[in-house]
file model11.pdb (PDB, C-alpha atoms, pLDDT in the B column)
ATOM      1  CA  MET Q   1      -5.998   5.709   7.209  1.00 56.00           C
ATOM      2  CA  THR Q   2      -6.585   2.174   8.238  1.00 81.00           C
ATOM      3  CA  ILE Q   3      -4.367  -0.747   7.408  1.00 90.00           C
ATOM      4  CA  ASN Q   4      -7.341  -2.561   5.841  1.00 93.00           C
ATOM      5  CA  VAL Q   5      -7.849   0.218   3.281  1.00 94.00           C
ATOM      6  CA  ILE Q   6      -4.176   0.069   2.270  1.00 95.00           C
ATOM      7  CA  ARG Q   7      -4.263  -3.736   2.097  1.00 95.00           C
ATOM      8  CA  GLU Q   8      -7.287  -3.684  -0.228  1.00 95.00           C
ATOM      9  CA  LYS Q   9      -5.764  -0.983  -2.473  1.00 96.00           C
ATOM     10  CA  VAL Q  10      -2.572  -3.028  -2.858  1.00 96.00           C
ATOM     11  CA  LYS Q  11      -4.466  -6.246  -3.619  1.00 93.00           C
ATOM     12  CA  LYS Q  12      -6.670  -4.482  -6.176  1.00 92.00           C
ATOM     13  CA  PHE Q  13      -3.663  -2.879  -7.876  1.00 95.00           C
ATOM     14  CA  LEU Q  14      -1.734  -6.153  -8.138  1.00 94.00           C
ATOM     15  CA  LYS Q  15      -4.746  -8.065  -9.404  1.00 90.00           C
ATOM     16  CA  GLU Q  16      -5.298  -5.460 -12.158  1.00 90.00           C
ATOM     17  CA  THR Q  17      -1.592  -5.191 -13.031  1.00 90.00           C
ATOM     18  CA  LEU Q  18      -0.203  -8.706 -12.988  1.00 86.00           C
ATOM     19  CA  GLU Q  19      -1.046 -11.375 -15.535  1.00 72.00           C
ATOM     20  CA  ASP Q  20      -2.466 -14.769 -14.558  1.00 63.00           C
ATOM     21  CA  ILE Q  21      -4.002 -13.649 -11.287  1.00 68.00           C
ATOM     22  CA  GLU Q  22      -7.454 -15.179 -11.195  1.00 65.00           C
ATOM     23  CA  ASN Q  23      -8.675 -13.976  -7.806  1.00 58.00           C
ATOM     24  CA  SER Q  24      -7.560 -11.849  -4.890  1.00 58.00           C
ATOM     25  CA  GLU Q  25      -7.055 -14.913  -2.673  1.00 64.00           C
ATOM     26  CA  GLU Q  26      -3.812 -15.446  -4.596  1.00 86.00           C
ATOM     27  CA  ILE Q  27      -2.525 -12.132  -3.202  1.00 92.00           C
ATOM     28  CA  ARG Q  28      -1.556 -11.806   0.439  1.00 93.00           C
ATOM     29  CA  VAL Q  29      -0.248  -8.570   1.936  1.00 95.00           C
ATOM     30  CA  ILE Q  30       2.400  -9.632   4.441  1.00 95.00           C
ATOM     31  CA  GLY Q  31       3.666  -6.252   5.611  1.00 95.00           C
ATOM     32  CA  ILE Q  32       2.748  -2.568   5.619  1.00 96.00           C
ATOM     33  CA  GLU Q  33       5.018   0.248   6.743  1.00 95.00           C
ATOM     34  CA  ALA Q  34       4.273   3.947   7.094  1.00 93.00           C
ATOM     35  CA  THR Q  35       6.950   6.435   6.086  1.00 87.00           C
ATOM     36  CA  ASP Q  36       6.930  10.233   5.696  1.00 86.00           C
ATOM     37  CA  ASN Q  37       3.761  10.932   3.687  1.00 88.00           C
ATOM     38  CA  SER Q  38       3.686   7.461   2.080  1.00 94.00           C
ATOM     39  CA  TRP Q  39       3.172   3.757   2.639  1.00 95.00           C
ATOM     40  CA  THR Q  40       5.132   0.681   1.567  1.00 96.00           C
ATOM     41  CA  ALA Q  41       3.473  -2.726   1.410  1.00 96.00           C
ATOM     42  CA  GLU Q  42       4.979  -6.138   0.732  1.00 96.00           C
ATOM     43  CA  ALA Q  43       2.746  -8.692  -0.951  1.00 96.00           C
ATOM     44  CA  GLU Q  44       3.099 -12.390  -1.630  1.00 95.00           C
ATOM     45  CA  VAL Q  45       1.514 -13.432  -4.936  1.00 92.00           C
ATOM     46  CA  ILE Q  46       0.832 -16.910  -6.283  1.00 86.00           C
ATOM     47  CA  GLU Q  47       1.341 -16.800 -10.054  1.00 80.00           C
ATOM     48  CA  LYS Q  48       1.229 -19.432 -12.776  1.00 75.00           C
ATOM     49  CA  ASN Q  49       4.647 -20.490 -14.006  1.00 74.00           C
ATOM     50  CA  LEU Q  50       4.815 -19.008 -17.515  1.00 70.00           C
ATOM     51  CA  MET Q  51       7.575 -21.426 -18.546  1.00 76.00           C
ATOM     52  CA  LEU Q  52       5.155 -24.366 -18.189  1.00 74.00           C
ATOM     53  CA  PRO Q  53       1.818 -22.999 -19.431  1.00 71.00           C
ATOM     54  CA  GLU Q  54       0.348 -26.424 -20.193  1.00 76.00           C
ATOM     55  CA  TYR Q  55       0.699 -27.486 -16.537  1.00 74.00           C
ATOM     56  CA  ARG Q  56      -0.808 -26.114 -13.354  1.00 73.00           C
ATOM     57  CA  VAL Q  57       2.521 -25.093 -11.815  1.00 75.00           C
ATOM     58  CA  PHE Q  58       2.565 -22.068  -9.537  1.00 79.00           C
ATOM     59  CA  GLU Q  59       5.282 -19.851  -8.099  1.00 82.00           C
ATOM     60  CA  LYS Q  60       5.273 -17.628  -5.042  1.00 88.00           C
ATOM     61  CA  LYS Q  61       6.576 -14.129  -5.813  1.00 91.00           C
ATOM     62  CA  HIS Q  62       7.018 -11.044  -3.632  1.00 95.00           C
ATOM     63  CA  TYR Q  63       6.306  -7.447  -4.581  1.00 96.00           C
ATOM     64  CA  LEU Q  64       6.903  -4.095  -2.899  1.00 96.00           C
ATOM     65  CA  VAL Q  65       4.187  -1.536  -3.598  1.00 97.00           C
ATOM     66  CA  LYS Q  66       4.630   2.124  -2.648  1.00 97.00           C
ATOM     67  CA  LEU Q  67       1.623   4.389  -2.186  1.00 96.00           C
ATOM     68  CA  ASN Q  68       1.671   8.163  -1.800  1.00 95.00           C
ATOM     69  CA  SER Q  69      -0.249  10.135   0.834  1.00 91.00           C
ATOM     70  CA  ASP Q  70      -3.390  10.004  -1.371  1.00 92.00           C
ATOM     71  CA  LEU Q  71      -3.074   6.187  -1.446  1.00 93.00           C
ATOM     72  CA  GLU Q  72      -2.274   6.147  -5.140  1.00 95.00           C
ATOM     73  CA  VAL Q  73       0.366   3.637  -6.240  1.00 96.00           C
ATOM     74  CA  SER Q  74       3.574   5.477  -7.048  1.00 96.00           C
ATOM     75  CA  SER Q  75       5.752   2.426  -7.777  1.00 96.00           C
ATOM     76  CA  TYR Q  76       6.005  -1.318  -7.484  1.00 96.00           C
ATOM     77  CA  LYS Q  77       8.650  -3.959  -8.108  1.00 96.00           C
ATOM     78  CA  GLN Q  78       9.270  -7.652  -7.664  1.00 94.00           C
ATOM     79  CA  VAL Q  79      11.707  -8.452  -4.847  1.00 94.00           C
ATOM     80  CA  LYS Q  80      13.226 -11.496  -3.225  1.00 87.00           C
ATOM     81  CA  SER Q  81      11.403 -12.775  -0.176  1.00 72.00           C
ATOM     82  CA  LYS Q  82      13.064 -12.389   3.208  1.00 62.00           C
ATOM     83  CA  THR Q  83      13.521 -16.184   3.316  1.00 54.00           C
ATOM     84  CA  GLU Q  84      15.358 -16.145  -0.035  1.00 55.00           C
ATOM     85  CA  GLU Q  85      17.593 -13.313   1.165  1.00 52.00           C
ATOM     86  CA  GLU Q  86      18.525 -15.268   4.314  1.00 48.00           C
ATOM     87  CA  GLU Q  87      19.459 -18.358   2.263  1.00 48.00           C
ATOM     88  CA  VAL Q  88      21.963 -16.418   0.119  1.00 42.00           C
TER
END
call {"tool": "encode", "arguments": {"input": "model11.pdb", "output": "structure tokens"}}
result
Amino acid sequence: MTINVIREKVKKFLKETLEDIENSEEIRVIGIEATDNSWTAEAEVIEKNLMLPEYRVFEKKHYLVKLNSDLEVSSYKQVKSKTEEEEV
């Protein structure tokens, strides 16, 4: 498996799953880690702020996406970025 294949699978999954994602350039995979028979990827996503729909206000959010050995997504969740964790 190449890292590029995993990166593209994660970007495709997030684009199909999350609302208000207009193109894949708004999704950036910032880390990929191999574990026993699976992969974990962290992605940074630029999303429209849903609290201010009439304005073009965007937020940067982070997601962890887990893929099994067949590269099928087994779970995903929104997480705090490493920078946010360090500030706390």
call {"tool": "residues_around", "arguments": {"input": "model11.pdb", "residues": "Ile46 of chain Q", "least_positions_apart": "2", "cutoff": "9 Å", "atoms": "only C-alpha atoms", "output": "MDAnalysis selection string"}}
result
chainID Q and resid 21 25:28 44 48 58:62
call {"tool": "atom_distance", "arguments": {"input": "model11.pdb", "atom1": "atom CA of Phe13 of chain Q", "atom2": "atom CA of Glu42 of chain Q"}}
result
12.6 Å
call {"tool": "atom_distance", "arguments": {"input": "model11.pdb", "atom1": "atom CA of Arg7 of chain Q", "atom2": "atom CA of Thr35 of chain Q"}}
result
15.7 Å
call {"tool": "resolve_selection", "arguments": {"input": "model11.pdb", "expression": "the PyMOL selection byres ((chain Q and resi 12) around 12)", "output": "list in words"}}
result
Val5, Ile6, Arg7, Glu8, Lys9, Val10, Lys11, Phe13, Leu14, Lys15, Glu16, Thr17, Leu18, Ile21, Glu22, Asn23, Ser24, Glu25, Glu26, Ile27, Arg28, Val29, Ala43, Val65, Glu72 and Val73 of chain Q
call {"tool": "axis_aligned_box", "arguments": {"input": "model11.pdb", "around": "segment 62-76 of chain Q", "padding_each_side": "3 Å", "output": "JSON"}}
result
{"center_x": 1.8, "center_y": -0.5, "center_z": -3.5, "size_x": 16.4, "size_y": 27.2, "size_z": 14.6}
call {"tool": "residues_around", "arguments": {"input": "model11.pdb", "residues": "Tyr76 of chain Q", "least_positions_apart": "6", "cutoff": "7 Å", "atoms": "only C-alpha atoms", "output": "VMD selection string"}}
result
chain Q and resid 63 to 66
call {"tool": "closest_residue", "arguments": {"input": "model11.pdb", "among": "Q:Ile30, Q:Ala41, Q:Val79, Q:Leu52", "to": "Leu67 of chain Q", "atoms": "all atoms listed in the file"}}
result
Q:Ala41
call {"tool": "closest_residue", "arguments": {"input": "model11.pdb", "among": "Q:Glu19, Q:Ile3, Q:Asp36, Q:Asn49", "to": "Ser69 of chain Q", "atoms": "all atoms listed in the file"}}
result
Q:Asp36
call {"tool": "atom_distance", "arguments": {"input": "model11.pdb", "atom1": "atom CA of Leu71 of chain Q", "atom2": "atom CA of Glu33 of chain Q"}}
result
13.0 Å
